[in-house]
Every structure is written in C-alpha cells, then in structure tokens.
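The file work34.pdb comes next; it holds PDB, C-alpha atoms.
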```pdb
ATOM      1  CA  MET A   1     -11.210  31.675   4.144  1.00  0.00           C
ATOM      2  CA  GLY A   2      -9.074  28.767   5.372  1.00  0.00           C
ATOM      3  CA  ILE A   3      -6.164  27.017   3.704  1.00  0.00           C
ATOM      4  CA  ARG A   4      -7.083  23.575   2.360  1.00  0.00           C
ATOM      5  CA  SER A   5      -4.201  21.410   3.520  1.00  0.00           C
ATOM      6  CA  PHE A   6      -2.920  17.895   4.228  1.00  0.00           C
ATOM      7  CA  LEU A   7       0.130  16.034   5.537  1.00  0.00           C
ATOM      8  CA  ALA A   8       1.642  13.615   3.022  1.00  0.00           C
ATOM      9  CA  PHE A   9       4.782  11.967   1.714  1.00  0.00           C
ATOM     10  CA  GLU A  10       6.106  12.803  -1.708  1.00  0.00           C
ATOM     11  CA  LEU A  11       6.833   9.624  -3.655  1.00  0.00           C
ATOM     12  CA  PRO A  12      10.315   8.571  -4.769  1.00  0.00           C
ATOM     13  CA  PRO A  13      10.803   9.125  -8.541  1.00  0.00           C
ATOM     14  CA  GLU A  14      11.205   5.372  -9.150  1.00  0.00           C
ATOM     15  CA  ILE A  15       7.800   4.606  -7.631  1.00  0.00           C
ATOM     16  CA  ARG A  16       6.234   7.507  -9.523  1.00  0.00           C
ATOM     17  CA  GLU A  17       7.486   6.034 -12.815  1.00  0.00           C
ATOM     18  CA  GLN A  18       5.975   2.642 -11.999  1.00  0.00           C
ATOM     19  CA  ILE A  19       2.661   4.302 -11.109  1.00  0.00           C
ATOM     20  CA  ARG A  20       2.806   6.246 -14.384  1.00  0.00           C
ATOM     21  CA  ALA A  21       3.163   2.961 -16.324  1.00  0.00           C
ATOM     22  CA  VAL A  22       0.230   1.321 -14.483  1.00  0.00           C
ATOM     23  CA  SER A  23      -1.958   4.429 -14.801  1.00  0.00           C
ATOM     24  CA  LYS A  24      -1.220   4.640 -18.541  1.00  0.00           C
ATOM     25  CA  GLU A  25      -2.281   1.005 -19.001  1.00  0.00           C
ATOM     26  CA  LEU A  26      -5.453   1.486 -16.954  1.00  0.00           C
ATOM     27  CA  GLN A  27      -6.412   4.572 -18.935  1.00  0.00           C
ATOM     28  CA  LYS A  28      -6.701   2.356 -22.038  1.00  0.00           C
ATOM     29  CA  SER A  29      -9.649   0.616 -20.331  1.00  0.00           C
ATOM     30  CA  ASN A  30     -13.248   1.773 -20.670  1.00  0.00           C
ATOM     31  CA  LEU A  31     -13.595   2.639 -17.009  1.00  0.00           C
ATOM     32  CA  PRO A  32     -15.594   5.861 -16.366  1.00  0.00           C
ATOM     33  CA  VAL A  33     -12.744   7.364 -14.322  1.00  0.00           C
ATOM     34  CA  ARG A  34     -11.321  10.861 -13.919  1.00  0.00           C
ATOM     35  CA  TRP A  35      -7.619  10.021 -13.655  1.00  0.00           C
ATOM     36  CA  VAL A  36      -5.312  11.855 -11.244  1.00  0.00           C
ATOM     37  CA  LYS A  37      -2.187  13.400 -12.785  1.00  0.00           C
ATOM     38  CA  VAL A  38       0.685  11.165 -11.703  1.00  0.00           C
ATOM     39  CA  GLU A  39       2.732  14.161 -10.510  1.00  0.00           C
ATOM     40  CA  ASN A  40      -0.153  14.980  -8.121  1.00  0.00           C
ATOM     41  CA  ILE A  41      -0.181  11.548  -6.442  1.00  0.00           C
ATOM     42  CA  HIS A  42       1.036  11.555  -2.825  1.00  0.00           C
ATOM     43  CA  LEU A  43       0.751   9.248   0.136  1.00  0.00           C
ATOM     44  CA  THR A  44      -1.635  11.252   2.320  1.00  0.00           C
ATOM     45  CA  ILE A  45      -1.237  10.625   6.042  1.00  0.00           C
ATOM     46  CA  ILE A  46      -3.801  13.140   7.346  1.00  0.00           C
ATOM     47  CA  PHE A  47      -6.205  15.360   5.404  1.00  0.00           C
ATOM     48  CA  LEU A  48      -6.567  18.475   7.556  1.00  0.00           C
ATOM     49  CA  GLY A  49      -9.258  20.226   5.516  1.00  0.00           C
ATOM     50  CA  SER A  50      -9.682  23.994   5.747  1.00  0.00           C
ATOM     51  CA  VAL A  51      -7.161  25.415   8.220  1.00  0.00           C
ATOM     52  CA  ASP A  52      -6.931  28.955   9.617  1.00  0.00           C
ATOM     53  CA  GLU A  53      -3.683  30.680   8.705  1.00  0.00           C
ATOM     54  CA  ASP A  54      -3.103  31.318  12.432  1.00  0.00           C
ATOM     55  CA  THR A  55      -3.107  27.555  13.084  1.00  0.00           C
ATOM     56  CA  VAL A  56      -0.403  26.639  10.530  1.00  0.00           C
ATOM     57  CA  ASP A  57       2.517  27.386  12.896  1.00  0.00           C
ATOM     58  CA  ASP A  58       0.888  25.246  15.613  1.00  0.00           C
ATOM     59  CA  ILE A  59       0.492  22.352  13.143  1.00  0.00           C
ATOM     60  CA  LYS A  60       4.178  22.676  12.204  1.00  0.00           C
ATOM     61  CA  GLU A  61       5.197  22.637  15.873  1.00  0.00           C
ATOM     62  CA  LYS A  62       3.127  19.505  16.637  1.00  0.00           C
ATOM     63  CA  ALA A  63       4.401  17.707  13.525  1.00  0.00           C
ATOM     64  CA  THR A  64       8.024  18.558  14.379  1.00  0.00           C
ATOM     65  CA  PHE A  65       7.555  17.054  17.842  1.00  0.00           C
ATOM     66  CA  VAL A  66       6.179  13.772  16.401  1.00  0.00           C
ATOM     67  CA  VAL A  67       8.266  13.325  13.238  1.00  0.00           C
ATOM     68  CA  LYS A  68      11.679  13.570  14.942  1.00  0.00           C
ATOM     69  CA  ARG A  69      10.934  10.230  16.665  1.00  0.00           C
ATOM     70  CA  PHE A  70      10.493   8.367  13.363  1.00  0.00           C
ATOM     71  CA  PRO A  71      13.197   7.250  10.938  1.00  0.00           C
ATOM     72  CA  ALA A  72      12.419   6.922   7.186  1.00  0.00           C
ATOM     73  CA  PHE A  73       9.832   4.371   6.066  1.00  0.00           C
ATOM     74  CA  LYS A  74      10.410   1.613   3.528  1.00  0.00           C
ATOM     75  CA  ILE A  75       7.517   0.896   1.142  1.00  0.00           C
ATOM     76  CA  ARG A  76       6.786  -0.948  -2.075  1.00  0.00           C
ATOM     77  CA  LEU A  77       3.806  -1.034  -4.421  1.00  0.00           C
ATOM     78  CA  ASN A  78       1.370  -3.838  -3.792  1.00  0.00           C
ATOM     79  CA  ALA A  79      -1.876  -4.197  -5.819  1.00  0.00           C
ATOM     80  CA  VAL A  80      -4.585  -2.191  -7.562  1.00  0.00           C
ATOM     81  CA  GLY A  81      -7.846  -1.982  -5.602  1.00  0.00           C
ATOM     82  CA  VAL A  82     -11.063   0.032  -5.353  1.00  0.00           C
ATOM     83  CA  PHE A  83     -13.168   1.601  -2.606  1.00  0.00           C
ATOM     84  CA  PRO A  84     -15.774   0.744  -1.421  1.00  0.00           C
ATOM     85  CA  HIS A  85     -16.542  -2.388  -3.535  1.00  0.00           C
ATOM     86  CA  TRP A  86     -15.534  -3.629  -6.975  1.00  0.00           C
ATOM     87  CA  ARG A  87     -19.169  -3.679  -8.184  1.00  0.00           C
ATOM     88  CA  ARG A  88     -19.753  -0.102  -6.960  1.00  0.00           C
ATOM     89  CA  PRO A  89     -16.330   1.514  -7.154  1.00  0.00           C
ATOM     90  CA  ARG A  90     -15.819   5.189  -6.350  1.00  0.00           C
ATOM     91  CA  VAL A  91     -11.997   5.325  -6.109  1.00  0.00           C
ATOM     92  CA  ILE A  92      -9.315   3.244  -7.839  1.00  0.00           C
ATOM     93  CA  TRP A  93      -5.939   3.043  -6.069  1.00  0.00           C
ATOM     94  CA  ILE A  94      -2.609   1.247  -5.699  1.00  0.00           C
ATOM     95  CA  GLY A  95      -1.894  -0.228  -2.288  1.00  0.00           C
ATOM     96  CA  LEU A  96       1.418  -0.322  -0.447  1.00  0.00           C
ATOM     97  CA  ASN A  97       3.236  -2.679   1.829  1.00  0.00           C
ATOM     98  CA  GLY A  98       6.444  -2.395   3.847  1.00  0.00           C
ATOM     99  CA  ASP A  99       6.614  -0.343   7.069  1.00  0.00           C
ATOM    100  CA  ILE A 100       2.832  -0.040   7.249  1.00  0.00           C
ATOM    101  CA  ASP A 101       2.545  -0.541  11.023  1.00  0.00           C
ATOM    102  CA  ARG A 102       5.065   2.245  11.620  1.00  0.00           C
ATOM    103  CA  LEU A 103       3.234   4.517   9.159  1.00  0.00           C
ATOM    104  CA  SER A 104       0.050   3.789  11.071  1.00  0.00           C
ATOM    105  CA  ASN A 105       1.861   4.692  14.327  1.00  0.00           C
ATOM    106  CA  LEU A 106       2.981   7.972  12.754  1.00  0.00           C
ATOM    107  CA  ARG A 107      -0.576   8.831  11.750  1.00  0.00           C
ATOM    108  CA  ASP A 108      -1.886   7.945  15.221  1.00  0.00           C
ATOM    109  CA  GLU A 109       0.796  10.028  16.975  1.00  0.00           C
ATOM    110  CA  LEU A 110       0.141  13.000  14.682  1.00  0.00           C
ATOM    111  CA  GLN A 111      -3.616  12.724  15.263  1.00  0.00           C
ATOM    112  CA  LYS A 112      -3.082  12.604  19.022  1.00  0.00           C
ATOM    113  CA  GLU A 113      -1.045  15.832  18.905  1.00  0.00           C
ATOM    114  CA  LEU A 114      -3.339  17.620  16.445  1.00  0.00           C
ATOM    115  CA  LYS A 115      -6.468  16.823  18.454  1.00  0.00           C
ATOM    116  CA  SER A 116      -5.586  19.650  20.851  1.00  0.00           C
ATOM    117  CA  LEU A 117      -5.862  22.039  17.856  1.00  0.00           C
ATOM    118  CA  GLY A 118      -9.394  20.839  17.120  1.00  0.00           C
ATOM    119  CA  PHE A 119      -8.656  18.212  14.442  1.00  0.00           C
ATOM    120  CA  MET A 120     -10.807  15.149  15.020  1.00  0.00           C
ATOM    121  CA  PRO A 121      -8.954  11.823  14.674  1.00  0.00           C
ATOM    122  CA  GLU A 122      -9.921   9.462  11.857  1.00  0.00           C
ATOM    123  CA  LYS A 123     -11.544   6.395  13.438  1.00  0.00           C
ATOM    124  CA  ARG A 124     -10.959   3.977  10.539  1.00  0.00           C
ATOM    125  CA  PRO A 125      -7.745   1.936  10.488  1.00  0.00           C
ATOM    126  CA  PHE A 126      -4.986   3.384   8.342  1.00  0.00           C
ATOM    127  CA  ARG A 127      -4.899   1.767   4.889  1.00  0.00           C
ATOM    128  CA  PRO A 128      -2.137   3.481   2.949  1.00  0.00           C
ATOM    129  CA  HIS A 129      -2.982   3.823  -0.726  1.00  0.00           C
ATOM    130  CA  LEU A 130      -2.246   6.044  -3.711  1.00  0.00           C
ATOM    131  CA  THR A 131      -5.355   7.326  -5.498  1.00  0.00           C
ATOM    132  CA  LEU A 132      -5.145   6.767  -9.263  1.00  0.00           C
ATOM    133  CA  GLY A 133      -8.589   8.100 -10.141  1.00  0.00           C
ATOM    134  CA  ARG A 134     -12.198   8.710  -9.116  1.00  0.00           C
ATOM    135  CA  PHE A 135     -15.209   7.200 -10.843  1.00  0.00           C
ATOM    136  CA  LYS A 136     -17.525   9.616 -12.662  1.00  0.00           C
ATOM    137  CA  GLY A 137     -20.386   7.118 -12.788  1.00  0.00           C
ATOM    138  CA  PRO A 138     -21.351   3.452 -12.499  1.00  0.00           C
ATOM    139  CA  LEU A 139     -19.557   0.684 -14.385  1.00  0.00           C
ATOM    140  CA  ASP A 140     -20.949  -0.432 -17.737  1.00  0.00           C
ATOM    141  CA  ARG A 141     -19.702  -3.968 -17.127  1.00  0.00           C
ATOM    142  CA  ASP A 142     -18.589  -5.485 -13.820  1.00  0.00           C
ATOM    143  CA  GLU A 143     -16.271  -7.838 -15.726  1.00  0.00           C
ATOM    144  CA  ASP A 144     -14.041  -4.928 -16.832  1.00  0.00           C
ATOM    145  CA  MET A 145     -13.321  -4.048 -13.213  1.00  0.00           C
ATOM    146  CA  LYS A 146     -12.852  -7.672 -12.174  1.00  0.00           C
ATOM    147  CA  TRP A 147     -10.387  -8.255 -15.012  1.00  0.00           C
ATOM    148  CA  ILE A 148      -8.301  -5.222 -13.969  1.00  0.00           C
ATOM    149  CA  LEU A 149      -8.229  -6.246 -10.292  1.00  0.00           C
ATOM    150  CA  ASP A 150      -7.178  -9.782 -11.266  1.00  0.00           C
ATOM    151  CA  ARG A 151      -4.485  -8.543 -13.632  1.00  0.00           C
ATOM    152  CA  TYR A 152      -2.989  -6.053 -11.155  1.00  0.00           C
ATOM    153  CA  HIS A 153      -3.471  -8.017  -7.918  1.00  0.00           C
ATOM    154  CA  ASP A 154       0.270  -8.372  -7.423  1.00  0.00           C
ATOM    155  CA  ILE A 155       2.469  -5.477  -8.511  1.00  0.00           C
ATOM    156  CA  ASN A 156       6.019  -6.078  -7.426  1.00  0.00           C
ATOM    157  CA  SER A 157       8.314  -3.137  -6.906  1.00  0.00           C
ATOM    158  CA  ASP A 158      11.581  -2.702  -5.056  1.00  0.00           C
ATOM    159  CA  LEU A 159      11.583  -1.224  -1.554  1.00  0.00           C
ATOM    160  CA  TYR A 160      11.977   2.550  -1.527  1.00  0.00           C
ATOM    161  CA  TYR A 161      12.305   5.104   1.259  1.00  0.00           C
ATOM    162  CA  LEU A 162       9.727   7.695   2.218  1.00  0.00           C
ATOM    163  CA  ASN A 163      12.046  10.199   3.854  1.00  0.00           C
ATOM    164  CA  GLU A 164      10.239  13.543   3.896  1.00  0.00           C
ATOM    165  CA  LEU A 165       6.851  14.407   5.382  1.00  0.00           C
ATOM    166  CA  ILE A 166       5.294  17.507   3.819  1.00  0.00           C
ATOM    167  CA  LEU A 167       2.544  19.920   4.817  1.00  0.00           C
ATOM    168  CA  TYR A 168       0.819  20.781   1.549  1.00  0.00           C
ATOM    169  CA  LYS A 169      -1.537  23.576   0.671  1.00  0.00           C
ATOM    170  CA  SER A 170      -4.085  22.602  -1.998  1.00  0.00           C
ATOM    171  CA  ASP A 171      -5.616  25.185  -4.341  1.00  0.00           C
ATOM    172  CA  LEU A 172      -8.482  23.901  -6.459  1.00  0.00           C
ATOM    173  CA  LYS A 173      -8.103  25.277  -9.999  1.00  0.00           C
ATOM    174  CA  PRO A 174     -10.162  24.611 -13.155  1.00  0.00           C
ATOM    175  CA  GLY A 175      -7.316  22.435 -14.505  1.00  0.00           C
ATOM    176  CA  GLY A 176      -7.116  20.411 -11.279  1.00  0.00           C
ATOM    177  CA  PRO A 177      -5.588  20.954  -7.838  1.00  0.00           C
ATOM    178  CA  VAL A 178      -2.274  22.771  -7.422  1.00  0.00           C
ATOM    179  CA  TYR A 179      -0.177  21.698  -4.430  1.00  0.00           C
ATOM    180  CA  THR A 180       2.297  23.975  -2.656  1.00  0.00           C
ATOM    181  CA  LYS A 181       4.694  22.865   0.087  1.00  0.00           C
ATOM    182  CA  MET A 182       4.233  24.876   3.298  1.00  0.00           C
ATOM    183  CA  ALA A 183       6.673  22.865   5.465  1.00  0.00           C
ATOM    184  CA  THR A 184       8.866  19.772   5.182  1.00  0.00           C
ATOM    185  CA  TRP A 185      10.274  17.343   7.750  1.00  0.00           C
ATOM    186  CA  PRO A 186      13.191  15.174   6.576  1.00  0.00           C
ATOM    187  CA  LEU A 187      13.340  11.707   8.141  1.00  0.00           C
ATOM    188  CA  SER A 188      16.656  10.072   8.877  1.00  0.00           C
ATOM    189  CA  LYS A 189      17.668   6.795   7.238  1.00  0.00           C
ATOM    190  CA  GLU A 190      19.714   6.087  10.361  1.00  0.00           C
ATOM    191  CA  ASN A 191      18.440   3.848  13.168  1.00  0.00           C
ATOM    192  CA  LEU A 192      15.963   2.051  10.950  1.00  0.00           C
ATOM    193  CA  GLY A 193      15.873  -0.753  13.479  1.00  0.00           C
ATOM    194  CA  ALA A 194      14.761   1.591  16.270  1.00  0.00           C
ATOM    195  CA  ALA A 195      11.146   2.094  15.208  1.00  0.00           C
ATOM    196  CA  PRO A 196       8.751   3.569  17.724  1.00  0.00           C
TER
END
```
Entire entry expressed as structure tokens:
Amino acid sequence: MGIRSFLAFELPPEIREQIRAVSKELQKSNLPVRWVKVENIHLTIIFLGSVDEDTVDDIKEKATFVVKRFPAFKIRLNAVGVFPHWRRPRVIWIGLNGDIDRLSNLRDELQKELKSLGFMPEKRPFRPHLTLGRFKGPLDRDEDMKWILDRYHDINSDLYYLNELILYKSDLKPGGPVYTKMATWPLSKENLGAAP
C-alpha cells in the first residue's frame, strides 16, 4: 500500500485569513459545493499520487537538488474561478498572481527530476490555484455562479512570500483528509532578483 502524497506550499497566515473570509461568504450561497476546510488549503505544485515508501528518500533527494536553486516566491490572491466552465463547474478556486512564471519553472524542474523515478510530467500549463470546494452536483441556476464570479473577479491582497516547500502525506479519513509533513525545504528570501 503506497503513501498518497504531494508537493505543496503552506500558505502564509495572512492569506489563509483572507481565504477564510471569502470561503465564509461563498458558503452563504446556494451552490451545491463540498467546501474544503481552510486549514487544509495548500498551493499544490505536484500531486505524486500513491508512492512506495522506498521511493520517498529519492523524492526528497531530487527535490533538494531543485529547490536550492530557487529563492522564495511572492504571491497575492487574484480572483475566484471554476474548472472546467462556469455553466458546468466541478471545482471552485481562488487564483494567484505574482511570481507565477518562476513557480511554473519550479514545477517543470521538479517534474524533470522526478521523471527518472517514474512520475509522468503533467502536460497542461501550470495554473496555480487554491481549491475552495468541489461541486456535488449541477447548478440549480447559472446566474448564481455568474454573480459570484462577477463579484469576486478581482480580489486584492498584499504580496506575501511562499518560503517553504513541503512533501505531504495525505490520509483519507471519514472526516476529511489529514495531511502530515514528511519533509520541508525552506526557501531563502535573499537574492530575489536572481530567479532561475
């Protein structure tokens, strides 16, 4: 039985509080959504899936090699959106902007290194987002979704640092997933001009 795991950034407390406020507002809507607990929201860089225990040390080694070349990332909240389409939404999320190109480079470099361990790279372009909830069924009224997307199309937040990449283990429990840190990689706030 493998370890369900993923590489992600923990969010700064200030951003988490802003997400909590938005999520609380959205939960007053009639959307048929199963909302994610705010403390469980991360910025996932790579979902690894089920990993053999023997492979964990190799993943750590590859990540260490890549992460040391990247200083901390600056991000801010952007807008609420849905995948795949607002008339047929499956996931509702908050987008990010800031050092997105560098975050995309980090993901690509990690994928390149992890490929040798059998992890297949994600082909789609990296669109960093924070999942707020997943739809349990179709919308009753399209207008409800359109109104929410219009209202939250421009969330302004300050710039905050993402300065620690984490390898998480995810255990699916009846009350929702429980995440445990298996490894962490601090990123320096120095040399922010010297991005790879």
Close residues, segment 105-107 of chain A itself excluded, 10 Å, only C-alpha atoms, min 3 positions apart in chain, as a VMD selection string = chain A and resid 7 44 to 46 63 66 to 67 69 to 70 100 to 102 110 to 112 121 to 122 126 195 to 196
Which of these, A:Ala79, A:Val178, A:Val56, A:Ile94, has the shortest distance to Arg16 of chain A once you count all atoms listed in the file?
->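 Among A:Ala79, A:Val178, A:Val56, A:Ile94, it is A:Ile94 that comes nearest to Arg16 of chain A.
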Taking (13.0, 1.4, 3.3) in the file's coordinates as the center, which residues reach within 12 Å of it, counting all atoms listed in the file, put as a ChimeraX atom specification?
-> /A:12,71-76,97-100,102-103,158-163,187-193
Which residues come within 12 Å of Glu17 of chain A, counting all atoms listed in the file, excluding same-chain residues fewer than 4 positions away, as a list in words?
->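 Once the adjacent positions are removed, what remains is Leu11, Pro12, Pro13, Ala21, Val22, Ser23, Lys24, Val38, Glu39, Ile41, Leu77 and Ser157 of chain A.
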Mind pulling up the distance from atom CA of Phe135 of chain A to atom CA of Pro32 of chain A?
->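 It comes out at 5.7 Å.
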Written as a count of residues only, what is the full residue list that the PyMOL selection byres ((chain A and resi 133) around 8) yields on the file shown?
-> 11
Excluding Trp185 of chain A and any residue of its chain fewer than 6 positions from it, enumerate the residues within 10 Å of it, using all atoms listed in the file, and give them as a list in words.
->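 In the requested form, the answer reads Phe9, Lys60, Ala63, Thr64, Val67, Lys68, Asn163, Glu164, Leu165, Ile166 and Leu167 of chain A.
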Using only C-alpha atoms, which residue out of A:Arg20, A:Arg87, A:His42, A:Arg4 lies closest to Asp140 of chain A?
->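 The closest residue to Asp140 of chain A is A:Arg87.
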What gap, in Å, lies between atom CA of Asp142 of chain A and atom CA of Asn30 of chain A?
->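 Answer for the atom CA of Asp142 of chain A to atom CA of Asn30 of chain A separation: 11.3 Å.
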Kindly give the distance, in Å, that separates atom CA of Leu96 of chain A and atom CA of Lys136 of chain A, rounded to a single decimal.
->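 Separating atom CA of Leu96 of chain A from atom CA of Lys136 of chain A is a distance of 24.6 Å.
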All residues 9 Å or closer to segment 143-146 of chain A, only C-alpha atoms, same chain fewer than 3 positions away omitted, as a list of chain:residue names =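 These residues fall inside the cut-off: A:Ser29, A:Asn30, A:Leu31, A:Trp86, A:Arg87, A:Pro89, A:Leu139, A:Asp140, A:Leu149, A:Asp150, A:Arg151.
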Hits of the PyMOL selection byres ((chain A and resi 3) around 7) in this structure, as a list of chain:residue names | A:Met1, A:Gly2, A:Arg4, A:Ser5, A:Ser50, A:Val51, A:Asp52, A:Glu53, A:Lys169
Keeping only C-alpha atoms, write the selected residues as a compact mmCIF listing (two decimals), keeping the file's coordinate frame.
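What landed in part_33.txt:
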```
# COMPACT_ATOMS: atom_id res chain seq x y z
CA MET A 1 -11.21 31.68 4.14
CA GLY A 2 -9.07 28.77 5.37
CA ARG A 4 -7.08 23.58 2.36
CA SER A 5 -4.20 21.41 3.52
CA SER A 50 -9.68 23.99 5.75
CA VAL A 51 -7.16 25.42 8.22
CA ASP A 52 -6.93 28.96 9.62
CA GLU A 53 -3.68 30.68 8.70
CA LYS A 169 -1.54 23.58 0.67
```
Which residue, A:Pro84, A:Ile19, A:Arg90, A:Glu25, has the smallest gap to Ile155 of chain A when you use all atoms listed in the file?
->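 The shortest atom-to-atom distance to Ile155 of chain A comes from A:Ile19.
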So which one's closest to Ser170 of chain A, A:Asp54, A:Gln27, A:Leu48, A:Ile59? Using only C-alpha atoms, please.
->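 That would be A:Leu48, the residue with the smallest distance to Ser170 of chain A.
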Hey, which of A:Leu43, A:Met182, A:Ala8, A:Ile15 ends up closest to Arg127 of chain A? Count only C-alpha atoms.
->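 Residue with the minimum atom-to-atom distance to Arg127 of chain A: A:Leu43.
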Could you check which of A:His85, A:Pro174, A:Leu114, A:Glu109 is closest to Pro138 of chain A, using only C-alpha atoms?
-> A:His85
